[in-house]
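Here the structure is laid out as structure tokens; the discussion comes afterwards.
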Amino acid sequence: MTRLLPLFVAVSLSWAQQARVYLTEPHVSPNRNEIVFVSGGDIWRVAANGGDATLLVSHPADESRPLFSPDGSQLAFVSTRTGSGDIYILQLASGTTTRLTFDDGVEMLDAWSRDGQWLYFHSSSQDIGRMNDVFRIKATGGMPTPVAADRYTNEFFSAPSPDGTTVVINARGIASQQWWRKGHSNLDRSELWLVKPGSVPGYERISDGAAREIWPMWAPDGKSFFFVSDRTGVENVWRQPIGGTSRQVSQFKEGRVLWPTLSYDGKLMVFERDFTIWKMDPNNGKAASIPVYLRGAAATPSITHQSKRDGFDEMALSPDGKKIAFIVRGEVFAASSTPTDSNAFRVSHTHAHETQLEWAPDSKRIVYVSDRAGPYSVYLYDFRSNQETRLTSSPDSDAAPRFSPDGKFLAYFRGGRAVWVYDFAEKEERQLAAGDMPRQPLAAPKALAWSPDSRYVAFASRGAKGFANVEIAAIGATASKPVSFLSNSVIRNIQFHPSGRYLLFDTAQRTEPRRIARIDLVPQHRPFREDRFSNLFVPASESSDAGATAIDWEQIRSRISFLPIGLDTASFIISPDGKTLLVAASAAGQDNVYTYTLDETLPAKQAPRQLTATVDEKSALHFSADSKEAFFLEKG
């Protein structure tokens, strides 16, 4: 029976003063005298003309999306204090707070009904593939009821008309999750629809879906609504009459318009722009920034000590198996891998996003990428000197840094167009190969791998037809060569076998189960079982499993095979002794961890052996140095 030991660590989080305060998600009061907004995960209030802002709702959790009720007596908002994100109501006179929603998913607050009886929101908890549906719930509490709940369409950012008979919503695309993306992308395109609620809702499409058009807001007369569109290349506010032609209201030539809301009388619009709060007259488009100065202390203390059992975004085990590094809330920590000694050491202290951890072979250094200086760059932390060093500083983002086994080099993707290598002895970098490669923030850390003798780098690259395959470049060469020739589109994991004789990678189309492919780097012959005994008398330096990598390029396209695992593979790792494959895969609706033998002397192929039996996602697979223990993350 496999024994699973959950590991939790105590982390210390300290919050330094930001060089620039981020102000977002504003909403104006019904009398237009004040504005509420979010900064630092707390809700603040300020006069409509600006000035000193004071705390209104402060909690160690994250608060967001504050919306005044139409009569100004209540404030609805979203908080993570009880989970992923639920809706709460604050009585402004008494300070009493009431929780309205109790779902495990995230609720995103959209709007109040004009009579103050209902709150509209969207949530992905009842749909598939992280797609949202639109709901409404009584402001006094109760069961949410669906407004727009098409099973296979993302529906979000809703706004009820003043008379409550019609709701304008966004549909399709992923702008509900990627509203932050700057620039135009086909994935961000969204449509505007009018919905007539009922047992069978009626739908009427308003826009053609050729642009990102989000955050609808009704004018008080119910005859038109406002929204944000990037149809001209720059995000601006537009007005759409029902049955008429839309026209542009704001006239920005650059920058962004985010999280707009309209006063209930339609005379003032507020929104985020350039990290600050702006106001605009919706009748003439005149806009100006509002000066805001934060005054008050947030509820989160300057230093907190927490015992974390979840919320880990990434995890990496050191090669000696004694330390783990992990990401919590975008920060890097390190701790002992022994459950009884789990106090964590904080490595990074920034408000940026650190990600893609990788230990050095000596287990004394770690690298990661961070966007603290703009594009993602590679940083190295040395635990012996407690010093951090920035290794790269390109205008293009770097991704997936991987140490060579001998510790002399570091390979990484740059800008989705090249593989670069940093030489630690020379303290300089050079380009190794070019192509169409993974880029931040979508690059998979294991889509790049070193051969065990540190002579070759294998990586995923797309060809002219968009098919993803594996290419290999030698450290001293000037170009790479392909080793796989599949018409698939996804590669997330590549790894050389410790013997250097072959490599494994996962491959699939977007909607197909992922399989693990094997490329024999030289022609192979199935070993006889008696060879195992004979090899006991061969010195390690002469053994075929000594790790020296040779590549016979002739007919390499024919030396591909697929491991008969029979599972939809999410990730995998080969044990240091080369005998076992650890696989995170899905089967029968569950994500679990399996082992699969790589012993080629067995008389027949063995079935995978299941190690876990829970439904939650497994990730960040690692073997201990002796290949006897496995580490992984389960649902963070």
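So you can find residues: chains in the structure tokens are A, B, ... in the order shown, residues in each start at 1, and ligands are numbered from 1 in order.
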Leaving out region 83-93 of chain A and any residue of its chain fewer than 2 positions from it, which residues lie within 9 Å of it when counting only C-alpha atoms, given as a PyMOL selection string?
chain A and resi 57+62-63+72-81+95-109+121+139-140
CA of Asp71 (chain A) to CA of Gly296 (chain A), straight-line distance in Å:
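Going from CA of Gly296 (chain A) over to CA of Asp71 (chain A), I get 26.9 Å.
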Report the distance between CA of Lys223 (chain A) and CA of Met280 (chain A) in Å, rounded to one decimal place.
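The value is 20.1 Å.
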As number ranges by chain, list the residues of region 409-566 of chain A assigned to alpha helix (DSSP H) by DSSP on the backbone atoms of this structure.
A: 529-535
Name all residues at most 10 Å from Thr232 (chain A) (count only C-alpha atoms; drop same-chain ones fewer than 5 positions away) and give them as a PDB file with C-alpha atoms, in the first residue's frame.
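Saved the output as around_6.pdb:
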```
ATOM      1  CA  ALA A 211     -13.604  42.920 -31.553  1.00  0.00           C
ATOM      2  CA  GLN A 248     -17.655  56.224 -30.194  1.00  0.00           C
ATOM      3  CA  LYS A 253      -5.592  57.478 -28.904  1.00  0.00           C
TER       4      LYS A 253
END
```
May I ask for the distance between CA of Thr166 (chain A) and CA of Asn33 (chain A), given in Å to one decimal place?
28.9 Å
Who sits within 9 Å of region 40-49 of chain A, only C-alpha atoms, same chain under 4 positions skipped, as a PyMOL selection string:
chain A and resi 21-23+28-29+32-36+53-66+77+279+290-294+298-299
Write the residues of the selection above to a file with N, CA and C atoms, as a compact mmCIF listing (two decimals), in the first residue's frame.
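Listing of again_39.txt after writing:
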```
# COMPACT_ATOMS: atom_id res chain seq x y z
N VAL A 21 0.82 53.08 -6.59
CA VAL A 21 -0.40 52.44 -6.10
C VAL A 21 -1.33 52.14 -7.27
N TYR A 22 -1.91 50.97 -7.25
CA TYR A 22 -2.82 50.53 -8.30
C TYR A 22 -4.26 50.74 -7.83
N LEU A 23 -5.02 51.52 -8.57
CA LEU A 23 -6.41 51.82 -8.26
C LEU A 23 -7.29 51.24 -9.37
N VAL A 28 -19.44 54.81 -8.75
CA VAL A 28 -19.86 56.09 -8.21
C VAL A 28 -21.17 55.94 -7.45
N SER A 29 -21.30 56.69 -6.36
CA SER A 29 -22.51 56.63 -5.53
C SER A 29 -23.70 57.22 -6.28
N ARG A 32 -23.66 60.84 -6.75
CA ARG A 32 -22.44 61.24 -7.45
C ARG A 32 -21.47 62.04 -6.56
N ASN A 33 -21.55 61.85 -5.24
CA ASN A 33 -20.67 62.58 -4.33
C ASN A 33 -19.37 61.84 -4.05
N GLU A 34 -19.39 60.53 -4.14
CA GLU A 34 -18.18 59.79 -3.82
C GLU A 34 -18.03 58.57 -4.72
N ILE A 35 -16.82 58.04 -4.71
CA ILE A 35 -16.47 56.90 -5.54
C ILE A 35 -15.84 55.84 -4.64
N VAL A 36 -16.23 54.60 -4.81
CA VAL A 36 -15.54 53.49 -4.17
C VAL A 36 -14.67 52.80 -5.21
N ALA A 53 -8.33 59.37 0.20
CA ALA A 53 -9.21 58.21 0.21
C ALA A 53 -9.03 57.46 1.52
N THR A 54 -10.13 56.96 2.06
CA THR A 54 -10.10 56.22 3.31
C THR A 54 -10.61 54.80 3.10
N LEU A 55 -10.18 53.91 3.99
CA LEU A 55 -10.61 52.52 3.90
C LEU A 55 -12.08 52.37 4.24
N LEU A 56 -12.77 51.57 3.44
CA LEU A 56 -14.18 51.27 3.71
C LEU A 56 -14.34 49.80 4.12
N VAL A 57 -13.70 48.89 3.39
CA VAL A 57 -13.72 47.46 3.72
C VAL A 57 -12.29 46.96 3.65
N SER A 58 -11.78 46.46 4.78
CA SER A 58 -10.41 45.97 4.84
C SER A 58 -10.41 44.60 5.51
N HIS A 59 -9.72 43.67 4.88
CA HIS A 59 -9.70 42.29 5.37
C HIS A 59 -8.43 41.63 4.81
N PRO A 60 -7.82 40.68 5.55
CA PRO A 60 -6.66 39.98 4.99
C PRO A 60 -6.93 39.29 3.66
N ALA A 61 -8.20 38.94 3.40
CA ALA A 61 -8.56 38.35 2.11
C ALA A 61 -8.63 39.45 1.05
N ASP A 62 -8.92 39.06 -0.18
CA ASP A 62 -9.04 40.02 -1.28
C ASP A 62 -10.49 40.44 -1.46
N GLU A 63 -10.73 41.75 -1.47
CA GLU A 63 -12.06 42.30 -1.74
C GLU A 63 -12.03 42.93 -3.14
N SER A 64 -13.14 42.85 -3.87
CA SER A 64 -13.16 43.36 -5.23
C SER A 64 -14.58 43.73 -5.64
N ARG A 65 -14.68 44.41 -6.78
CA ARG A 65 -15.91 44.75 -7.47
C ARG A 65 -16.97 45.39 -6.56
N PRO A 66 -16.67 46.51 -5.89
CA PRO A 66 -17.68 47.19 -5.06
C PRO A 66 -18.71 47.91 -5.91
N PHE A 77 -20.11 43.56 -2.83
CA PHE A 77 -18.73 43.35 -3.24
C PHE A 77 -18.43 41.86 -3.22
N LYS A 279 -12.75 59.92 -14.61
CA LYS A 279 -14.18 60.19 -14.74
C LYS A 279 -14.43 60.78 -16.12
N ILE A 290 -8.69 61.49 -11.83
CA ILE A 290 -9.06 61.96 -10.50
C ILE A 290 -7.87 61.76 -9.57
N PRO A 291 -7.38 62.81 -8.91
CA PRO A 291 -6.26 62.63 -7.98
C PRO A 291 -6.73 61.92 -6.71
N VAL A 292 -6.05 60.85 -6.36
CA VAL A 292 -6.44 60.05 -5.19
C VAL A 292 -5.20 59.79 -4.35
N TYR A 293 -5.34 59.99 -3.03
CA TYR A 293 -4.25 59.75 -2.09
C TYR A 293 -4.77 58.83 -0.99
N LEU A 294 -4.16 57.65 -0.88
CA LEU A 294 -4.63 56.67 0.10
C LEU A 294 -4.21 57.08 1.52
N ALA A 298 -4.11 49.08 5.97
CA ALA A 298 -4.87 47.89 5.56
C ALA A 298 -4.91 46.89 6.71
N ALA A 299 -5.90 46.00 6.63
CA ALA A 299 -6.07 45.01 7.69
C ALA A 299 -4.94 43.99 7.71
```
Determine the nearest neighbour of Gly463 (chain A) from the options A:Ser113, A:Ser385, A:Thr478, A:Ser484, counting only C-alpha atoms.
A:Ser484
Leaving out Leu258 (chain A) and any residue of its chain fewer than 6 positions from it, which residues lie within 12 Å of it when counting only C-alpha atoms, given as a ChimeraX atom specification?
/A:23-26,175,178-182,213-216,227-230,234-237,269-279
